[in-house]
>>> print(open('coords_32.pdb').read())   # PDB, C-alpha atoms
MODEL        1
ATOM      1  CA  MET E   1     -12.993 -12.512  -7.423
ATOM      2  CA  PHE E   2     -10.233 -11.397  -5.108
ATOM      3  CA  LYS E   3      -9.748  -8.497  -2.757
ATOM      4  CA  ALA E   4      -6.299  -6.954  -3.174
ATOM      5  CA  LYS E   5      -4.636  -5.099  -0.307
ATOM      6  CA  VAL E   6      -1.646  -3.042  -1.437
ATOM      7  CA  LEU E   7       0.908  -1.311   0.765
ATOM      8  CA  ILE E   8       3.177   1.226  -0.946
ATOM      9  CA  LYS E   9       6.206   2.623   0.885
ATOM     10  CA  ARG E  10       9.038   4.945  -0.044
ATOM     11  CA  ARG E  11      12.282   3.099  -0.524
ATOM     12  CA  PRO E  12      14.553   3.337   2.543
ATOM     13  CA  SER E  13      17.150   5.295   0.543
ATOM     14  CA  ILE E  14      14.598   8.032  -0.303
ATOM     15  CA  LEU E  15      14.052  10.872   2.163
ATOM     16  CA  ASP E  16      10.441  10.888   3.400
ATOM     17  CA  THR E  17       9.702  14.609   3.808
ATOM     18  CA  GLN E  18       6.089  13.972   4.788
ATOM     19  CA  GLY E  19       7.243  11.575   7.501
ATOM     20  CA  LYS E  20       9.721  14.164   8.784
ATOM     21  CA  ALA E  21       7.003  16.844   8.893
ATOM     22  CA  VAL E  22       4.676  14.568  10.875
ATOM     23  CA  GLU E  23       7.524  13.691  13.209
ATOM     24  CA  LYS E  24       8.135  17.411  13.849
ATOM     25  CA  GLY E  25       4.432  17.790  14.650
ATOM     26  CA  ALA E  26       4.693  14.963  17.162
ATOM     27  CA  GLU E  27       7.675  16.688  18.749
ATOM     28  CA  HIS E  28       5.660  19.914  19.112
ATOM     29  CA  LEU E  29       2.973  17.875  20.881
ATOM     30  CA  GLY E  30       5.531  16.663  23.399
ATOM     31  CA  LEU E  31       5.890  13.192  21.859
ATOM     32  CA  THR E  32       9.673  13.143  21.985
ATOM     33  CA  ASN E  33      10.230   9.399  21.563
ATOM     34  CA  ILE E  34       8.829   9.233  18.003
ATOM     35  CA  LYS E  35      11.624   8.558  15.483
ATOM     36  CA  GLU E  36      12.057   7.558  11.813
ATOM     37  CA  THR E  37       8.439   8.139  10.730
ATOM     38  CA  ARG E  38       7.705   6.856   7.203
ATOM     39  CA  ILE E  39       4.418   7.629   5.444
ATOM     40  CA  GLY E  40       2.976   5.155   2.945
ATOM     41  CA  LYS E  41      -0.232   4.413   1.068
ATOM     42  CA  TYR E  42      -2.718   1.620   1.671
ATOM     43  CA  ILE E  43      -5.081   0.735  -1.178
ATOM     44  CA  GLU E  44      -7.849  -1.900  -1.460
ATOM     45  CA  PHE E  45      -9.700  -2.999  -4.576
ATOM     46  CA  VAL E  46     -11.419  -6.013  -6.102
ATOM     47  CA  VAL E  47      -9.930  -7.989  -8.999
ATOM     48  CA  ASP E  48     -12.726  -9.561 -11.032
ATOM     49  CA  THR E  49     -11.230 -12.951 -11.897
ATOM     50  CA  ASP E  50     -11.357 -16.389 -10.330
ATOM     51  CA  ASN E  51      -7.792 -17.202 -11.386
ATOM     52  CA  ARG E  52      -5.280 -16.317  -8.639
ATOM     53  CA  THR E  53      -2.296 -16.237 -11.028
ATOM     54  CA  SER E  54      -4.133 -13.864 -13.340
ATOM     55  CA  ALA E  55      -5.160 -11.679 -10.388
ATOM     56  CA  GLU E  56      -1.573 -11.498  -9.104
ATOM     57  CA  LYS E  57      -0.309 -10.532 -12.552
ATOM     58  CA  GLU E  58      -2.924  -7.807 -12.940
ATOM     59  CA  VAL E  59      -2.324  -6.366  -9.459
ATOM     60  CA  ASN E  60       1.414  -6.329 -10.164
ATOM     61  CA  GLU E  61       0.875  -4.414 -13.393
ATOM     62  CA  TYR E  62      -1.551  -1.987 -11.700
ATOM     63  CA  CYS E  63       1.014  -1.263  -8.999
ATOM     64  CA  LYS E  64       3.957  -0.909 -11.395
ATOM     65  CA  LYS E  65       2.191   1.238 -13.966
ATOM     66  CA  LEU E  66      -0.154   3.381 -11.906
ATOM     67  CA  LEU E  67      -0.209   3.064  -8.121
ATOM     68  CA  ALA E  68       3.502   3.150  -7.217
ATOM     69  CA  ASN E  69       6.391   5.228  -8.499
ATOM     70  CA  PRO E  70       8.935   2.503  -9.334
ATOM     71  CA  ILE E  71      11.862   4.915  -8.921
ATOM     72  CA  MET E  72      11.007   5.936  -5.346
ATOM     73  CA  GLU E  73       8.566   3.375  -3.958
ATOM     74  CA  ASP E  74       8.298  -0.324  -3.197
ATOM     75  CA  TYR E  75       5.015  -2.169  -2.895
ATOM     76  CA  GLU E  76       3.658  -5.412  -1.538
ATOM     77  CA  PHE E  77       0.208  -6.905  -1.785
ATOM     78  CA  THR E  78      -1.996  -9.728  -0.600
ATOM     79  CA  LEU E  79      -5.038 -11.333  -2.192
ATOM     80  CA  GLU E  80      -8.012 -12.900  -0.433
ATOM     81  CA  PRO E  81     -11.403 -14.079  -1.652
ATOM     82  CA  ALA E  82     -13.600 -11.058  -2.410
ATOM     83  CA  GLU E  83     -16.593 -12.485  -0.506
ATOM     84  CA  THR E  84     -14.872 -11.358   2.700
ATOM     85  CA  PHE E  85     -14.622  -7.831   1.302
ATOM     86  CA  VAL E  86     -18.259  -7.788   0.085
ATOM     87  CA  ASN E  87     -19.547  -8.973   3.475
ATOM     88  CA  GLN E  88     -17.536  -6.353   5.354
ATOM     89  CA  GLU E  89     -18.814  -3.584   3.117
ATOM     90  CA  GLY E  90     -22.410  -4.683   3.589
ATOM     91  CA  SER E  91     -22.196  -4.663   7.402
TER      92      SER E  91
ENDMDL
END
>>> encode(input="coords_32.pdb", output="structure tokens")
Amino acid sequence: MFKAKVLIKRRPSILDTQGKAVEKGAEHLGLTNIKETRIGKYIEFVVDTDNRTSAEKEVNEYCKKLLANPIMEDYEFTLEPAETFVNQEGS
């Protein structure tokens, strides 16, 4: 089993309205040096296979078909043995 960590970000060419809104909030708080805020999504899940190639393929499909909007977003992911994930959750 593998733990997948996925980071999804809007493509640089796409306006990030949520990022702009948060940046305005920072400005109202007196944080005037905050610029170019981009908001993304971070997702973790377990892939129930012992084959890394199979896990990578499945995570790729999951991202393309469900987690990310391929028109507006890019994604990247890492895989690590799921035992690390299980131990952290149990702590």
>>> residues_around(input="coords_32.pdb", residues="region 2-4 of chain E", least_positions_apart="2", cutoff="12 Å", atoms="all atoms listed in the file", output="PyMOL selection string")
chain E and resi 6-7+42-60+62-63+76-89
>>> residues_around(input="coords_32.pdb", residues="region 68-72 of chain E", least_positions_apart="3", cutoff="10 Å", atoms="all atoms listed in the file", output="list in words")
Val6, Leu7, Ile8, Lys9, Arg10, Arg11, Pro12, Ser13, Ile14, Leu15, Lys41, Tyr62, Cys63, Lys64, Lys65 and Tyr75 of chain E
>>> write_last_selection(input="coords_32.pdb", atoms="C-alpha atoms", output="compact mmCIF listing (two decimals), in the coordinates of the input")
# COMPACT_ATOMS: atom_id res chain seq x y z
CA VAL E 6 -1.65 -3.04 -1.44
CA LEU E 7 0.91 -1.31 0.76
CA ILE E 8 3.18 1.23 -0.95
CA LYS E 9 6.21 2.62 0.88
CA ARG E 10 9.04 4.94 -0.04
CA ARG E 11 12.28 3.10 -0.52
CA PRO E 12 14.55 3.34 2.54
CA SER E 13 17.15 5.30 0.54
CA ILE E 14 14.60 8.03 -0.30
CA LEU E 15 14.05 10.87 2.16
CA LYS E 41 -0.23 4.41 1.07
CA TYR E 62 -1.55 -1.99 -11.70
CA CYS E 63 1.01 -1.26 -9.00
CA LYS E 64 3.96 -0.91 -11.40
CA LYS E 65 2.19 1.24 -13.97
CA TYR E 75 5.01 -2.17 -2.90
>>> atom_distance(input="coords_32.pdb", atom1="CA of Ile34 (chain E)", atom2="CA of Asp74 (chain E)")
23.3 Å
>>> atom_distance(input="coords_32.pdb", atom1="CA of Thr17 (chain E)", atom2="CA of Glu36 (chain E)")
10.9 Å
>>> resolve_selection(input="coords_32.pdb", expression="the PyMOL selection byres ((chain E and resi 19) around 10)", output="list in words")
Leu15, Asp16, Thr17, Gln18, Lys20, Ala21, Val22, Glu23, Lys24, Gly25, Lys35, Glu36, Thr37, Arg38, Ile39 and Gly40 of chain E
